[in-house]
Amino acid sequence: MFKSRGKEMQIYIVPGIGTGPTTLSAFDAALNSAGIANFNLIKLSSVIPPNATIVPQDQPLPAGTLPGEWGDRLYVVMAEQRGDTPNVEAWAGIGWVQDQETGRGLFVEHEGQSEQAVRRDITHSLEALMATRNVDFGEIQMQVVGRVCTHHPVCAMVAAVYQVSDWENRPHLI
Amino acid sequence: MFKSRGKEMQIYIVPGIGTGPTTLSAFDAALNSAGIANFNLIKLSSVIPPNATIVPQDQPLPAGTLPGEWGDRLYVVMAEQRGDTPNVEAWAGIGWVQDQETGRGLFVEHEGQSEQAVRRDITHSLEALMATRNVDFGEIQMQVVGRVCTHHPVCAMVAAVYQVSDWENRPHLI
Amino acid sequence: MFKSRGKEMQIYIVPGIGTGPTTLSAFDAALNSAGIANFNLIKLSSVIPPNATIVPQDQPLPAGTLPGEWGDRLYVVMAEQRGDTPNVEAWAGIGWVQDQETGRGLFVEHEGQSEQAVRRDITHSLEALMATRNVDFGEIQMQVVGRVCTHHPVCAMVAAVYQVSDWENRPHLI
């Protein structure tokens with residue numbers, strides 16, 4: 001395939017939906033349904049390293065899938081939409097492209113109140129990111145989730161999970 | 001007590017209040033009154049590692065309490081509310097629970113325009129986070145600060161201070 | 001000059017302007033015009049380490065200026081203003097002071113819809129940050145960029161580029 005300086009890494013794409021008495025607890029419930037609620041998340045701006053394999057998940061990550069321990073830092077690209085207005089929808093999605101030759105890729109994250117708008121923005125953004133770099137990284141893929149807010153605050157969230165670092169700054173590749 | 005993989009770490013909880021000619025300078029003054037203004041802060045999403053001891057502070061951290069040097073990275077959970085509307089209050093708070101058996105814990109951060117709302121949100125969020133995980137980590141604790149905006153922008157801030165990393169990526173546990 | 005614990009580091013100040021079909025793609029185009037679009041950015045709160053030399057750039061960083069590889073983490077202080085309302089301007093700027101004796105310094109970042117407001121806020125904030133610390137770090141410098149939104153979303157961005165970390169947590173000083 002392609003060679004790269006770094007060790008191989010897997011980037012799981014995990015969707016989550018949650019509700020709670022506050023928008024913060026709805027966000028936490030979404031993280032929990034994705035299997036990443038017990039890490040300290042740090043957000044990245046969204047480039048796929050050449051040595052990464054993208055692994056989309058439909059289900060929560062089973063306990064023990066991720067290395068590291070409760071409270072470690074987890075580096076993620078994340079789209080999340082919180083909402084607390086009844087009958088309004090919350091949608092979030094991550095899209096990506098990855099060059100099969102070099103392994104280089106790009107993520108984009110979008111949020112909004114309709115699935116259609118989120119999917120359209122993901123497509124438009126990735127097309128523009130490739131045009132800016134004058135590259136064609138192939139077919140656009142995406143994972144998008146959402147739900148309507150009823151009585152309680154809701155959160156829709158999709159995360160791309162890069163790496164765990166413990167508090168002695170040791171890396172734990174996934 | 002409990003055993004864990006990592007080295008022991010202290011997490012100070014430091015409150016700060018500040019004013020200034022801009023909301024940014026009010027935020028900086030709040031960080032300064034807490035003793036953490038001369039680090040590069042990186043925000044975490046708020047999980048307490050099992051090997052951590054929570055140390056709430058009423059006063060600014062004395063110079064020299066934190067390891068590391070001017071300009072190092074400091075990882076924090078933070079609640080902060082900035083305001084520049086006269087007669088409107090700015091309130092921020094962090095709440096936490098920690099299991100006495102395993103040492104695992106959770107932070108939540110909330111901000112708003114009234115002390116009562118911030119305290120209520122902290123309680124509701126922590127109750128929901130424990131319910132989501134099906135755990136009871138014991139009594140809820142919190143540190144909440146605020147003040148009213150008069151002529152100048154104000155900022156109310158509470159930070160939980162995890163670890164310093166220097167620019168050669170060496171960790172400095174607190 | 002002054003001595004310090006850490007290795008010498010350069011902090012480039014890079015401005016960027018971009019447009020695109022979405023505000024996210026306009027932001028990416030601004031990063032690309034600055035030469036930093038292919039890193040995973042992590043935002044810092046803005047303190048200049050004593051061992052740093054500030055290097056303002058008018059042009060994009062030439063390829064190969066920064067160490068590290070596509071997808072590595074890049075720690076930055078960043079001001080960015082996105083806009084999608086025709087005839088409205090987007091302005092962003094970073095200002096700084098650095099003590100010639102100790103090398104210690106401070107950044108501030110401001111955004112808005114007029115150049116004048118951004119420049120004024122930068123000046124007021126840096127004056128306040130120095131007053132809070134009871135220091136005089138000398139003359140205020142700044143880099144400010146902007147443009148008017150026409151048909152497409154725009155982004156004005158200025159970044160101060162600290163350090164690259166690869167996914168095995170090795171630091172690459174600039």
# chains A, B, ... in the order shown; residues from 1 in each chain; ligands from 1

call {"tool": "residues_around", "arguments": {"residues": "Val47 of chain B", "least_positions_apart": "5", "cutoff": "7 Å", "atoms": "only C-alpha atoms", "output": "list in words"}}
result
Asn38, Phe39, Asn40 and Gly71 of chain A; Gly105, Leu106 and Phe107 of chain B

call {"tool": "residues_around", "arguments": {"residues": "segment 143-153 of chain A", "least_positions_apart": "6", "cutoff": "7 Å", "atoms": "only C-alpha atoms", "output": "PyMOL selection string"}}
result
chain A and resi 15+19-23+26+83-95

call {"tool": "select_by_dssp", "arguments": {"residues": "chain B", "states": "helix (DSSP H, G or I)", "output": "PyMOL selection string"}}
result
chain B and resi 23-34+115-133

call {"tool": "select_by_dssp", "arguments": {"residues": "chain B", "states": "strand (DSSP E or B)", "output": "MDAnalysis selection string"}}
result
chainID B and resid 9:19 40:43 47:48 52:56 73:83 89:98 105:112 141:148 154:165 171:173

call {"tool": "interface_residues", "arguments": {"of": "chain B", "to": "chain A", "cutoff": "6 Å", "atoms": "only C-alpha atoms", "output": "PyMOL selection string"}}
result
chain B and resi 44-49+125+171

call {"tool": "atom_distance", "arguments": {"atom1": "atom CA of Pro62 of chain C", "atom2": "atom CA of Gly103 of chain A"}}
result
22.5 Å

call {"tool": "atom_distance", "arguments": {"atom1": "atom CA of Glu111 of chain B", "atom2": "atom CA of Ala159 of chain B"}}
result
12.3 Å

call {"tool": "atom_distance", "arguments": {"atom1": "atom CA of Asn51 of chain A", "atom2": "atom CA of Ala156 of chain A"}}
result
28.7 Å

call {"tool": "residues_around", "arguments": {"residues": "Asp136 of chain A", "least_positions_apart": "3", "cutoff": "8 Å", "atoms": "only C-alpha atoms", "output": "list in words"}}
result
Asp99, Met130 and Ala131 of chain A

call {"tool": "residues_around", "arguments": {"residues": "Gln57 of chain C", "least_positions_apart": "4", "cutoff": "8 Å", "atoms": "only C-alpha atoms", "output": "list in words"}}
result
Tyr12, Ile13, Val14, Pro15 and Leu61 of chain C
